[in-house]
>>> print(open('data-v6.cif').read())   # mmCIF, C-alpha atoms
data_structure
loop_
_atom_site.group_PDB
_atom_site.id
_atom_site.type_symbol
_atom_site.label_atom_id
_atom_site.label_comp_id
_atom_site.auth_asym_id
_atom_site.auth_seq_id
_atom_site.Cartn_x
_atom_site.Cartn_y
_atom_site.Cartn_z
ATOM 1 C CA MET A 1 130.459 148.857 134.372
ATOM 2 C CA PRO A 2 128.822 147.863 131.059
ATOM 3 C CA ILE A 3 130.086 149.609 127.943
ATOM 4 C CA THR A 4 128.061 150.900 125.005
ATOM 5 C CA TYR A 5 129.866 151.473 121.717
ATOM 6 C CA THR A 6 128.946 154.106 119.171
ATOM 7 C CA ALA A 7 130.003 154.157 115.525
ATOM 8 C CA LEU A 8 129.479 157.479 113.711
ATOM 9 C CA THR A 9 130.168 158.695 110.191
ATOM 10 C CA THR A 10 129.021 161.371 107.736
ATOM 11 C CA LEU A 11 128.286 161.374 104.013
ATOM 12 C CA MET A 12 126.556 163.523 101.423
ATOM 13 C CA GLY A 13 122.846 163.293 100.670
ATOM 14 C CA GLU A 14 119.784 161.720 102.274
ATOM 15 C CA PRO A 15 119.378 158.708 99.915
ATOM 16 C CA ALA A 16 122.954 157.560 100.525
ATOM 17 C CA ALA A 17 122.598 158.144 104.266
ATOM 18 C CA GLN A 18 119.359 156.152 104.484
ATOM 19 C CA ALA A 19 120.933 153.307 102.506
ATOM 20 C CA LEU A 20 123.929 153.234 104.828
ATOM 21 C CA GLY A 21 121.640 153.271 107.866
ATOM 22 C CA GLU A 22 119.804 150.198 106.545
ATOM 23 C CA ALA A 23 123.100 148.435 105.879
ATOM 24 C CA LEU A 24 124.307 149.284 109.383
ATOM 25 C CA GLU A 25 121.222 147.634 110.879
ATOM 26 C CA ALA A 26 122.170 144.368 109.148
ATOM 27 C CA LEU A 27 125.613 144.129 110.794
ATOM 28 C CA GLU A 28 126.632 141.347 113.183
ATOM 29 C CA PRO A 29 126.743 142.089 116.043
ATOM 30 C CA ALA A 30 123.552 144.006 115.346
ATOM 31 C CA PRO A 31 123.296 147.561 116.690
ATOM 32 C CA THR A 32 120.702 148.271 119.368
ATOM 33 C CA GLY A 33 119.745 151.410 117.479
ATOM 34 C CA VAL A 34 120.603 153.331 114.300
ATOM 35 C CA GLY A 35 120.131 157.035 113.662
ATOM 36 C CA VAL A 36 120.203 158.987 110.382
ATOM 37 C CA PHE A 37 120.198 162.776 110.757
ATOM 38 C CA GLU A 38 120.782 165.790 108.543
ATOM 39 C CA VAL A 39 123.589 168.077 109.714
ATOM 40 C CA GLU A 40 121.704 171.384 109.968
ATOM 41 C CA ASP A 41 124.408 173.661 108.598
ATOM 42 C CA GLY A 42 123.422 173.821 104.942
ATOM 43 C CA SER A 43 126.334 171.598 103.884
ATOM 44 C CA GLY A 44 124.207 168.698 102.631
ATOM 45 C CA LEU A 45 125.987 166.331 105.009
ATOM 46 C CA TRP A 46 124.123 163.588 106.870
ATOM 47 C CA GLU A 47 125.261 161.765 110.001
ATOM 48 C CA VAL A 48 124.741 158.026 110.385
ATOM 49 C CA GLY A 49 125.388 156.303 113.682
ATOM 50 C CA GLY A 50 124.777 153.071 115.513
ATOM 51 C CA TYR A 51 124.812 151.955 119.164
ATOM 52 C CA PHE A 52 126.269 148.542 119.982
ATOM 53 C CA LEU A 53 126.442 146.404 123.111
ATOM 54 C CA ASP A 54 129.488 144.601 121.638
ATOM 55 C CA GLN A 55 132.355 146.296 119.844
ATOM 56 C CA PRO A 56 131.531 146.536 116.115
ATOM 57 C CA ASN A 57 133.796 144.876 113.575
ATOM 58 C CA ASP A 58 136.229 147.412 112.100
ATOM 59 C CA VAL A 59 136.548 145.512 108.814
ATOM 60 C CA GLU A 60 132.780 145.432 108.278
ATOM 61 C CA LEU A 61 132.533 149.140 109.055
ATOM 62 C CA ALA A 62 135.338 149.866 106.583
ATOM 63 C CA LEU A 63 133.536 147.896 103.888
ATOM 64 C CA LEU A 64 130.364 149.888 104.524
ATOM 65 C CA THR A 65 132.167 153.218 104.217
ATOM 66 C CA ALA A 66 133.749 152.132 100.940
ATOM 67 C CA ALA A 67 130.468 150.858 99.530
ATOM 68 C CA HIS A 68 128.487 153.982 100.436
ATOM 69 C CA GLY A 69 131.075 156.712 99.981
ATOM 70 C CA ALA A 70 131.142 157.675 103.650
ATOM 71 C CA LYS A 71 133.935 158.899 105.863
ATOM 72 C CA THR A 72 135.666 156.413 108.158
ATOM 73 C CA PHE A 73 133.488 155.401 111.107
ATOM 74 C CA VAL A 74 134.602 156.802 114.460
ATOM 75 C CA VAL A 75 134.048 154.170 117.156
ATOM 76 C CA SER A 76 133.804 155.303 120.782
ATOM 77 C CA GLU A 77 133.102 153.707 124.146
ATOM 78 C CA ILE A 78 130.360 155.191 126.361
ATOM 79 C CA PRO A 79 130.174 153.992 129.984
ATOM 80 C CA GLU A 80 126.655 153.246 131.213
ATOM 81 C CA THR A 81 125.131 156.388 132.732
ATOM 82 C CA ASP A 82 122.003 157.049 134.754
ATOM 83 C CA TRP A 83 120.885 159.857 132.468
ATOM 84 C CA VAL A 84 117.887 160.872 134.530
ATOM 85 C CA ALA A 85 120.094 161.312 137.597
ATOM 86 C CA HIS A 86 122.624 163.149 135.447
ATOM 87 C CA VAL A 87 119.970 165.522 134.120
ATOM 88 C CA ARG A 88 118.679 166.187 137.623
ATOM 89 C CA ARG A 89 122.176 167.162 138.730
ATOM 90 C CA GLU A 90 122.935 169.313 135.703
ATOM 91 C CA LEU A 91 119.631 171.080 134.984
ATOM 92 C CA ALA A 92 118.601 173.697 137.487
ATOM 93 C CA PRO A 93 115.207 175.410 137.254
ATOM 94 C CA VAL A 94 115.030 178.076 134.558
ATOM 95 C CA GLU A 95 113.275 181.432 134.688
ATOM 96 C CA ALA A 96 112.177 183.061 131.432
ATOM 97 C CA GLY A 97 110.190 186.186 132.188
ATOM 98 C CA ARG A 98 107.083 185.141 134.106
ATOM 99 C CA PHE A 99 107.762 181.450 133.419
ATOM 100 C CA PHE A 100 109.521 179.071 135.811
ATOM 101 C CA VAL A 101 110.391 175.686 134.281
ATOM 102 C CA TYR A 102 111.380 172.936 136.703
ATOM 103 C CA GLY A 103 111.550 169.208 137.392
ATOM 104 C CA SER A 104 109.748 167.476 140.244
ATOM 105 C CA HIS A 105 113.043 167.226 142.143
ATOM 106 C CA ASP A 106 113.013 171.045 142.398
ATOM 107 C CA ALA A 107 109.368 171.452 143.388
ATOM 108 C CA ASP A 108 110.414 173.100 146.649
ATOM 109 C CA GLN A 109 111.947 175.984 144.692
ATOM 110 C CA VAL A 110 108.814 177.064 142.798
ATOM 111 C CA PRO A 111 108.171 180.779 143.429
ATOM 112 C CA SER A 112 104.591 181.838 144.114
ATOM 113 C CA ASP A 113 104.716 184.790 141.723
ATOM 114 C CA LYS A 114 105.670 182.822 138.595
ATOM 115 C CA VAL A 115 103.835 180.707 136.027
ATOM 116 C CA SER A 116 105.347 177.333 136.918
ATOM 117 C CA LEU A 117 105.674 174.595 134.306
ATOM 118 C CA LEU A 118 106.634 171.095 135.438
ATOM 119 C CA ILE A 119 108.681 168.982 133.010
ATOM 120 C CA GLU A 120 110.205 165.744 134.244
ATOM 121 C CA ALA A 121 113.978 165.270 133.990
ATOM 122 C CA ALA A 122 113.545 162.180 131.823
ATOM 123 C CA MET A 123 111.896 164.483 129.254
ATOM 124 C CA ALA A 124 114.549 167.187 129.443
ATOM 125 C CA PHE A 125 114.820 168.301 125.822
ATOM 126 C CA GLY A 126 112.540 171.255 125.355
ATOM 127 C CA THR A 127 112.165 172.043 129.041
ATOM 128 C CA GLY A 128 113.352 175.620 128.770
ATOM 129 C CA HIS A 129 116.989 174.801 129.530
ATOM 130 C CA HIS A 130 117.746 174.736 125.824
ATOM 131 C CA GLY A 131 118.408 178.192 124.360
ATOM 132 C CA THR A 132 115.775 177.779 121.640
ATOM 133 C CA THR A 133 112.936 177.040 124.056
ATOM 134 C CA GLN A 134 114.060 179.743 126.441
ATOM 135 C CA GLY A 135 114.153 182.208 123.555
ATOM 136 C CA CYS A 136 110.589 181.285 122.568
ATOM 137 C CA LEU A 137 109.354 181.753 126.134
ATOM 138 C CA LEU A 138 110.992 185.168 126.341
ATOM 139 C CA SER A 139 109.551 186.113 122.947
ATOM 140 C CA LEU A 140 106.108 185.132 124.258
ATOM 141 C CA GLU A 141 106.745 187.224 127.371
ATOM 142 C CA ASP A 142 107.582 190.267 125.240
ATOM 143 C CA TYR A 143 104.576 189.673 122.976
ATOM 144 C CA VAL A 144 102.275 189.721 126.013
ATOM 145 C CA ALA A 145 104.027 192.764 127.472
ATOM 146 C CA GLU A 146 103.411 194.626 124.200
ATOM 147 C CA GLY A 147 99.677 193.974 124.503
ATOM 148 C CA GLY A 148 99.503 190.834 122.397
ATOM 149 C CA HIS A 149 96.560 188.526 123.015
ATOM 150 C CA ALA A 150 96.052 185.297 121.104
ATOM 151 C CA LYS A 151 92.864 183.277 121.465
ATOM 152 C CA ASN A 152 93.825 180.707 118.850
ATOM 153 C CA VAL A 153 97.296 179.187 119.347
ATOM 154 C CA ILE A 154 99.195 176.178 117.986
ATOM 155 C CA ASP A 155 102.619 174.769 118.910
ATOM 156 C CA VAL A 156 103.899 172.925 115.811
ATOM 157 C CA GLY A 157 106.578 170.331 116.623
ATOM 158 C CA CYS A 158 105.673 170.690 120.278
ATOM 159 C CA GLY A 159 108.093 168.193 121.877
ATOM 160 C CA THR A 160 107.345 168.421 125.598
ATOM 161 C CA ALA A 161 104.565 170.997 124.928
ATOM 162 C CA VAL A 162 106.189 173.537 127.222
ATOM 163 C CA LEU A 163 105.357 176.390 124.799
ATOM 164 C CA ALA A 164 101.754 175.263 124.383
ATOM 165 C CA MET A 165 101.375 175.062 128.155
ATOM 166 C CA ALA A 166 102.905 178.512 128.586
ATOM 167 C CA ALA A 167 100.359 180.022 126.193
ATOM 168 C CA ALA A 168 97.487 178.145 127.836
ATOM 169 C CA ALA A 169 98.623 179.393 131.238
ATOM 170 C CA VAL A 170 98.711 183.025 130.065
ATOM 171 C CA TRP A 171 95.323 183.165 128.339
ATOM 172 C CA GLY A 172 93.373 180.175 129.624
ATOM 173 C CA ASP A 173 92.237 179.128 126.156
ATOM 174 C CA VAL A 174 92.711 175.709 124.555
ATOM 175 C CA VAL A 175 96.035 175.435 122.701
ATOM 176 C CA ILE A 176 96.884 172.812 120.084
ATOM 177 C CA ALA A 177 100.198 170.987 120.555
ATOM 178 C CA SER A 178 101.135 168.891 117.534
ATOM 179 C CA ASP A 179 104.144 166.753 116.666
ATOM 180 C CA ILE A 180 105.114 164.342 113.928
ATOM 181 C CA ASP A 181 106.560 161.951 116.555
ATOM 182 C CA PRO A 182 103.943 159.843 118.417
ATOM 183 C CA VAL A 183 106.289 159.545 121.407
ATOM 184 C CA ALA A 184 106.484 163.335 121.646
ATOM 185 C CA VAL A 185 102.678 163.499 121.586
ATOM 186 C CA GLU A 186 102.564 161.052 124.508
ATOM 187 C CA VAL A 187 105.128 163.151 126.374
ATOM 188 C CA ALA A 188 103.072 166.279 125.707
ATOM 189 C CA GLU A 189 99.951 164.589 127.086
ATOM 190 C CA VAL A 190 101.791 163.479 130.238
ATOM 191 C CA ASN A 191 103.149 166.973 130.834
ATOM 192 C CA ALA A 192 99.790 168.634 130.219
ATOM 193 C CA THR A 193 98.169 166.311 132.761
ATOM 194 C CA ALA A 194 100.974 166.864 135.281
ATOM 195 C CA ASN A 195 100.383 170.617 135.043
ATOM 196 C CA GLY A 196 96.607 170.366 135.352
ATOM 197 C CA MET A 197 96.152 171.377 131.704
ATOM 198 C CA ALA A 198 94.762 168.201 130.151
ATOM 199 C CA ASP A 199 91.663 170.163 129.132
ATOM 200 C CA LYS A 200 93.673 173.147 127.871
ATOM 201 C CA VAL A 201 96.297 171.459 125.656
ATOM 202 C CA ASN A 202 94.984 169.411 122.735
ATOM 203 C CA CYS A 203 97.828 167.052 121.786
ATOM 204 C CA LEU A 204 97.767 165.796 118.194
ATOM 205 C CA GLU A 205 99.994 163.647 115.995
ATOM 206 C CA ALA A 206 100.369 165.584 112.745
ATOM 207 C CA ILE A 207 102.806 166.451 109.978
ATOM 208 C CA GLY A 208 102.910 170.234 110.013
ATOM 209 C CA PHE A 209 99.312 171.485 109.806
ATOM 210 C CA GLY A 210 98.023 168.217 108.374
ATOM 211 C CA HIS A 211 95.266 167.256 110.802
ATOM 212 C CA ALA A 212 91.497 167.747 110.628
ATOM 213 C CA ASP A 213 91.376 169.395 114.067
ATOM 214 C CA ILE A 214 94.058 171.861 112.973
ATOM 215 C CA THR A 215 92.335 172.636 109.680
ATOM 216 C CA LYS A 216 89.012 173.418 111.323
ATOM 217 C CA THR A 217 90.678 175.601 113.976
ATOM 218 C CA ALA A 218 92.862 177.652 111.608
ATOM 219 C CA PRO A 219 93.752 180.430 111.060
ATOM 220 C CA PHE A 220 95.822 180.952 114.203
ATOM 221 C CA ASP A 221 96.605 184.203 116.022
ATOM 222 C CA LEU A 222 99.898 182.785 117.325
ATOM 223 C CA ILE A 223 102.009 179.925 115.999
ATOM 224 C CA PHE A 224 105.074 178.460 117.722
ATOM 225 C CA ALA A 225 107.501 176.370 115.659
ATOM 226 C CA ASN A 226 110.648 175.436 117.575
ATOM 227 C CA ILE A 227 112.030 172.842 115.178
ATOM 228 C CA LEU A 228 114.957 173.093 112.698
ATOM 229 C CA LYS A 229 115.990 175.286 109.771
ATOM 230 C CA GLY A 230 115.040 172.849 107.000
ATOM 231 C CA PRO A 231 111.529 172.032 108.264
ATOM 232 C CA LEU A 232 110.912 175.707 109.054
ATOM 233 C CA ILE A 233 111.722 176.686 105.475
ATOM 234 C CA ASP A 234 109.541 173.886 104.126
ATOM 235 C CA LEU A 235 106.652 175.023 106.360
ATOM 236 C CA ALA A 236 106.713 178.675 105.275
ATOM 237 C CA PRO A 237 103.837 178.432 102.715
ATOM 238 C CA ASP A 238 101.649 176.442 105.127
ATOM 239 C CA MET A 239 102.575 178.812 107.932
ATOM 240 C CA ALA A 240 101.351 181.767 105.879
ATOM 241 C CA GLN A 241 98.153 179.936 104.938
ATOM 242 C CA ASN A 242 97.344 178.995 108.547
ATOM 243 C CA CYS A 243 98.329 182.262 110.244
ATOM 244 C CA ALA A 244 95.623 184.888 110.679
ATOM 245 C CA ALA A 245 96.012 188.380 109.212
ATOM 246 C CA LYS A 246 98.236 190.380 111.579
ATOM 247 C CA GLY A 247 98.949 187.100 113.372
ATOM 248 C CA THR A 248 102.282 186.298 115.015
ATOM 249 C CA ILE A 249 104.706 183.411 114.590
ATOM 250 C CA ILE A 250 107.598 182.558 116.911
ATOM 251 C CA LEU A 251 110.281 180.464 115.212
ATOM 252 C CA SER A 252 113.341 178.796 116.694
ATOM 253 C CA GLY A 253 115.535 175.727 116.553
ATOM 254 C CA LEU A 254 117.933 177.999 114.655
ATOM 255 C CA LEU A 255 121.625 178.629 114.980
ATOM 256 C CA ILE A 256 122.501 182.329 114.763
ATOM 257 C CA GLU A 257 124.067 181.874 111.334
ATOM 258 C CA GLN A 258 120.849 180.256 110.037
ATOM 259 C CA ALA A 259 118.487 183.011 111.152
ATOM 260 C CA GLU A 260 118.830 185.317 108.153
ATOM 261 C CA ASP A 261 118.045 182.542 105.668
ATOM 262 C CA VAL A 262 114.856 181.621 107.519
ATOM 263 C CA GLN A 263 113.882 185.254 108.000
ATOM 264 C CA SER A 264 114.190 185.973 104.275
ATOM 265 C CA VAL A 265 112.043 182.958 103.357
ATOM 266 C CA TYR A 266 109.307 184.081 105.731
ATOM 267 C CA GLU A 267 109.509 187.678 104.540
ATOM 268 C CA ALA A 268 108.901 186.371 101.031
ATOM 269 C CA ALA A 269 105.904 184.461 102.411
ATOM 270 C CA GLY A 270 104.354 187.667 103.754
ATOM 271 C CA PHE A 271 105.786 188.111 107.248
ATOM 272 C CA GLU A 272 107.869 190.923 108.742
ATOM 273 C CA LEU A 273 110.299 190.715 111.646
ATOM 274 C CA SER A 274 109.032 191.969 115.004
ATOM 275 C CA GLN A 275 111.882 190.771 117.205
ATOM 276 C CA ARG A 276 115.032 188.688 117.076
ATOM 277 C CA ARG A 277 116.441 187.235 120.290
ATOM 278 C CA ASP A 278 119.853 185.517 120.437
ATOM 279 C CA ILE A 279 120.687 183.268 123.394
ATOM 280 C CA GLY A 280 124.104 181.646 123.233
ATOM 281 C CA GLU A 281 124.424 180.169 119.748
ATOM 282 C CA TRP A 282 120.660 180.044 119.164
ATOM 283 C CA THR A 283 118.115 182.481 117.737
ATOM 284 C CA ALA A 284 114.362 182.979 118.137
ATOM 285 C CA LEU A 285 112.473 185.044 115.548
ATOM 286 C CA ARG A 286 109.127 186.712 116.243
ATOM 287 C CA MET A 287 107.406 187.744 113.015
ATOM 288 C CA CYS A 288 104.036 189.283 112.145
ATOM 289 C CA LYS A 289 101.920 188.471 109.098
ATOM 290 C CA LYS A 290 101.389 191.612 106.990
#
>>> encode(input="data-v6.cif", output="structure tokens")
Amino acid sequence: MPITYTALTTLMGEPAAQALGEALEALEPAPTGVGVFEVEDGSGLWEVGGYFLDQPNDVELALLTAAHGAKTFVVSEIPETDWVAHVRRELAPVEAGRFFVYGSHDADQVPSDKVSLLIEAAMAFGTGHHGTTQGCLLSLEDYVAEGGHAKNVIDVGCGTAVLAMAAAAVWGDVVIASDIDPVAVEVAEVNATANGMADKVNCLEAIGFGHADITKTAPFDLIFANILKGPLIDLAPDMAQNCAAKGTIILSGLLIEQAEDVQSVYEAAGFELSQRRDIGEWTALRMCKK
């Protein structure tokens, strides 16, 4: 069975991490892919990793760590895996209040009394199996149960658009689903079409609220943002500007220990906490604009 090799390290600061990522791309044998990611724990650490079809040269990796002030690369072997088949085996349908999130391989299990949302196994992140997405769906469920009604909704950093589709299914109005990643926008469009919501979910490529269609539609009654701590904090001023008076935001992508920091930033921006929901190690915050 073919082997894929990974080489992973960490170091402080984005500039150094980006520089190391560029240097890693220039190695021979060349990696098939390189990733540079912030470790979302407030430490300032960044992770740099590469995937290789041939085992990377230990001496070259050691030279890179010395030159860029990184920790020693950890090299691992990963046997080839049919990830779609793996996901289908591991991810059962998920119920979150009225919502039933499933893959096509479980179509025979869809209950008639639920709002069913189809997400393919190959697009598994953000299907509702992850605690952050499930928390957002349950927060939406509670919002509706408390009499909440939102005619103007946006899902910022939509991923698979499962949250946008959930809102569109509840109220029948057009929901904006935006993402900075063009691939995610394509995934959102595919999922909206698969669920018969192509005319109800407007999928846009945008950085935050930076799109003409978003600007002309704002302010929003309900805003989803299931992303990460850092981007959520950065978005707080724009979130306040684009949220209607007495409007609601549902935030996630947060570890439990990160929730208070994000909550305090949004309180300073003019929001107050309506609900906090912890699922496993993740938190979803529902907040109302004062």
>>> closest_atom_pairs(input="data-v6.cif", of="region 198-237 of chain A", to="region 264-272 of chain A", cutoff="7 Å", atoms="only C-alpha atoms", output="Markdown table")
| residue | atom | partner | partner_atom | distance |
| --- | --- | --- | --- | --- |
| A:Ile233 | CA | A:Val265 | CA | 6.6 |
| A:Ala236 | CA | A:Tyr266 | CA | 6.0 |
| A:Pro237 | CA | A:Ala269 | CA | 6.4 |
>>> resolve_selection(input="data-v6.cif", expression="the PyMOL selection byres ((chain A and resi 239-251) around 6)", output="number ranges by chain")
A: 218-226, 235-238, 252, 284-290
>>> resolve_selection(input="data-v6.cif", expression="the PyMOL selection byres ((chain A and resi 12) around 12)", output="JSON list (two decimals) with C-alpha atoms, in the frame of the given file")
[["chain", "number", "residue", "atom", "x", "y", "z"],
["A", 9, "THR", "CA", 130.17, 158.70, 110.19],
["A", 10, "THR", "CA", 129.02, 161.37, 107.74],
["A", 11, "LEU", "CA", 128.29, 161.37, 104.01],
["A", 13, "GLY", "CA", 122.85, 163.29, 100.67],
["A", 14, "GLU", "CA", 119.78, 161.72, 102.27],
["A", 15, "PRO", "CA", 119.38, 158.71, 99.92],
["A", 16, "ALA", "CA", 122.95, 157.56, 100.52],
["A", 17, "ALA", "CA", 122.60, 158.14, 104.27],
["A", 18, "GLN", "CA", 119.36, 156.15, 104.48],
["A", 19, "ALA", "CA", 120.93, 153.31, 102.51],
["A", 20, "LEU", "CA", 123.93, 153.23, 104.83],
["A", 36, "VAL", "CA", 120.20, 158.99, 110.38],
["A", 37, "PHE", "CA", 120.20, 162.78, 110.76],
["A", 38, "GLU", "CA", 120.78, 165.79, 108.54],
["A", 39, "VAL", "CA", 123.59, 168.08, 109.71],
["A", 42, "GLY", "CA", 123.42, 173.82, 104.94],
["A", 43, "SER", "CA", 126.33, 171.60, 103.88],
["A", 44, "GLY", "CA", 124.21, 168.70, 102.63],
["A", 45, "LEU", "CA", 125.99, 166.33, 105.01],
["A", 46, "TRP", "CA", 124.12, 163.59, 106.87],
["A", 47, "GLU", "CA", 125.26, 161.76, 110.00],
["A", 48, "VAL", "CA", 124.74, 158.03, 110.38],
["A", 68, "HIS", "CA", 128.49, 153.98, 100.44],
["A", 69, "GLY", "CA", 131.07, 156.71, 99.98],
["A", 70, "ALA", "CA", 131.14, 157.68, 103.65],
["A", 71, "LYS", "CA", 133.94, 158.90, 105.86]]
>>> resolve_selection(input="data-v6.cif", expression="the PyMOL selection byres ((chain A and resi 100) around 9)", output="list in words")
Pro93, Val94, Glu95, Ala96, Gly97, Arg98, Phe99, Val101, Tyr102, Val110, Pro111, Lys114, Val115, Ser116, Leu117, Leu118 and Gly128 of chain A
>>> residues_around(input="data-v6.cif", residues="Leu8 (chain A)", least_positions_apart="2", cutoff="7 Å", atoms="all atoms listed in the file", output="ChimeraX atom specification")
/A:6,48-50,73-75
>>> closest_residue(input="data-v6.cif", among="A:Ala192, A:Cys136, A:Ala168, A:Leu204", to="Leu254 (chain A)", atoms="all atoms listed in the file")
A:Cys136
>>> atom_distance(input="data-v6.cif", atom1="CA of Gly103 (chain A)", atom2="CA of Val190 (chain A)")
13.4 Å
>>> decode(input="data-v6.cif", residues="region 30-46 of chain A", atoms="N, CA, C and O atoms", output="short mmCIF file (atom, residue, chain, number, x, y, z; two decimals), in the first residue's frame")
data_model
loop_
_atom_site.label_atom_id
_atom_site.label_comp_id
_atom_site.auth_asym_id
_atom_site.auth_seq_id
_atom_site.Cartn_x
_atom_site.Cartn_y
_atom_site.Cartn_z
N ALA A 30 10.09 17.36 -3.57
CA ALA A 30 9.14 18.41 -3.26
C ALA A 30 7.90 17.84 -2.57
O ALA A 30 7.44 16.74 -2.91
N PRO A 31 7.35 18.54 -1.60
CA PRO A 31 6.11 18.09 -0.97
C PRO A 31 4.93 18.24 -1.92
O PRO A 31 4.93 19.09 -2.81
N THR A 32 3.94 17.40 -1.75
CA THR A 32 2.72 17.51 -2.57
C THR A 32 1.81 18.61 -2.04
O THR A 32 0.91 19.06 -2.73
N GLY A 33 2.06 19.04 -0.82
CA GLY A 33 1.28 20.12 -0.24
C GLY A 33 1.95 20.63 1.03
O GLY A 33 2.64 19.88 1.72
N VAL A 34 1.77 21.93 1.31
CA VAL A 34 2.33 22.55 2.51
C VAL A 34 1.23 23.35 3.19
O VAL A 34 0.46 24.05 2.54
N GLY A 35 1.14 23.22 4.51
CA GLY A 35 0.16 23.97 5.27
C GLY A 35 0.82 24.81 6.35
O GLY A 35 1.79 24.36 6.98
N VAL A 36 0.30 26.02 6.56
CA VAL A 36 0.78 26.92 7.61
C VAL A 36 -0.44 27.39 8.40
O VAL A 36 -1.31 28.07 7.84
N PHE A 37 -0.52 27.01 9.67
CA PHE A 37 -1.72 27.28 10.46
C PHE A 37 -1.36 27.83 11.83
O PHE A 37 -0.40 27.38 12.46
N GLU A 38 -2.16 28.78 12.30
CA GLU A 38 -2.01 29.27 13.67
C GLU A 38 -2.58 28.25 14.64
O GLU A 38 -3.66 27.70 14.42
N VAL A 39 -1.87 27.99 15.73
CA VAL A 39 -2.38 27.14 16.80
C VAL A 39 -3.32 28.00 17.64
O VAL A 39 -2.89 28.95 18.29
N GLU A 40 -4.61 27.69 17.61
CA GLU A 40 -5.62 28.57 18.21
C GLU A 40 -5.72 28.38 19.72
O GLU A 40 -6.76 27.98 20.25
N ASP A 41 -4.64 28.66 20.42
CA ASP A 41 -4.68 28.56 21.88
C ASP A 41 -4.12 29.81 22.56
O ASP A 41 -3.90 29.82 23.77
N GLY A 42 -3.89 30.85 21.75
CA GLY A 42 -3.38 32.09 22.30
C GLY A 42 -1.89 32.11 22.58
O GLY A 42 -1.36 33.08 23.11
N SER A 43 -1.19 31.04 22.21
CA SER A 43 0.24 30.92 22.53
C SER A 43 1.13 31.67 21.55
O SER A 43 2.30 31.93 21.84
N GLY A 44 0.61 32.01 20.37
CA GLY A 44 1.43 32.63 19.33
C GLY A 44 2.16 31.62 18.47
O GLY A 44 2.89 32.01 17.55
N LEU A 45 1.97 30.33 18.75
CA LEU A 45 2.62 29.29 17.96
C LEU A 45 1.92 29.09 16.62
O LEU A 45 0.70 29.24 16.52
N TRP A 46 2.72 28.73 15.61
CA TRP A 46 2.19 28.36 14.30
C TRP A 46 2.70 26.97 13.95
O TRP A 46 3.81 26.60 14.33
#
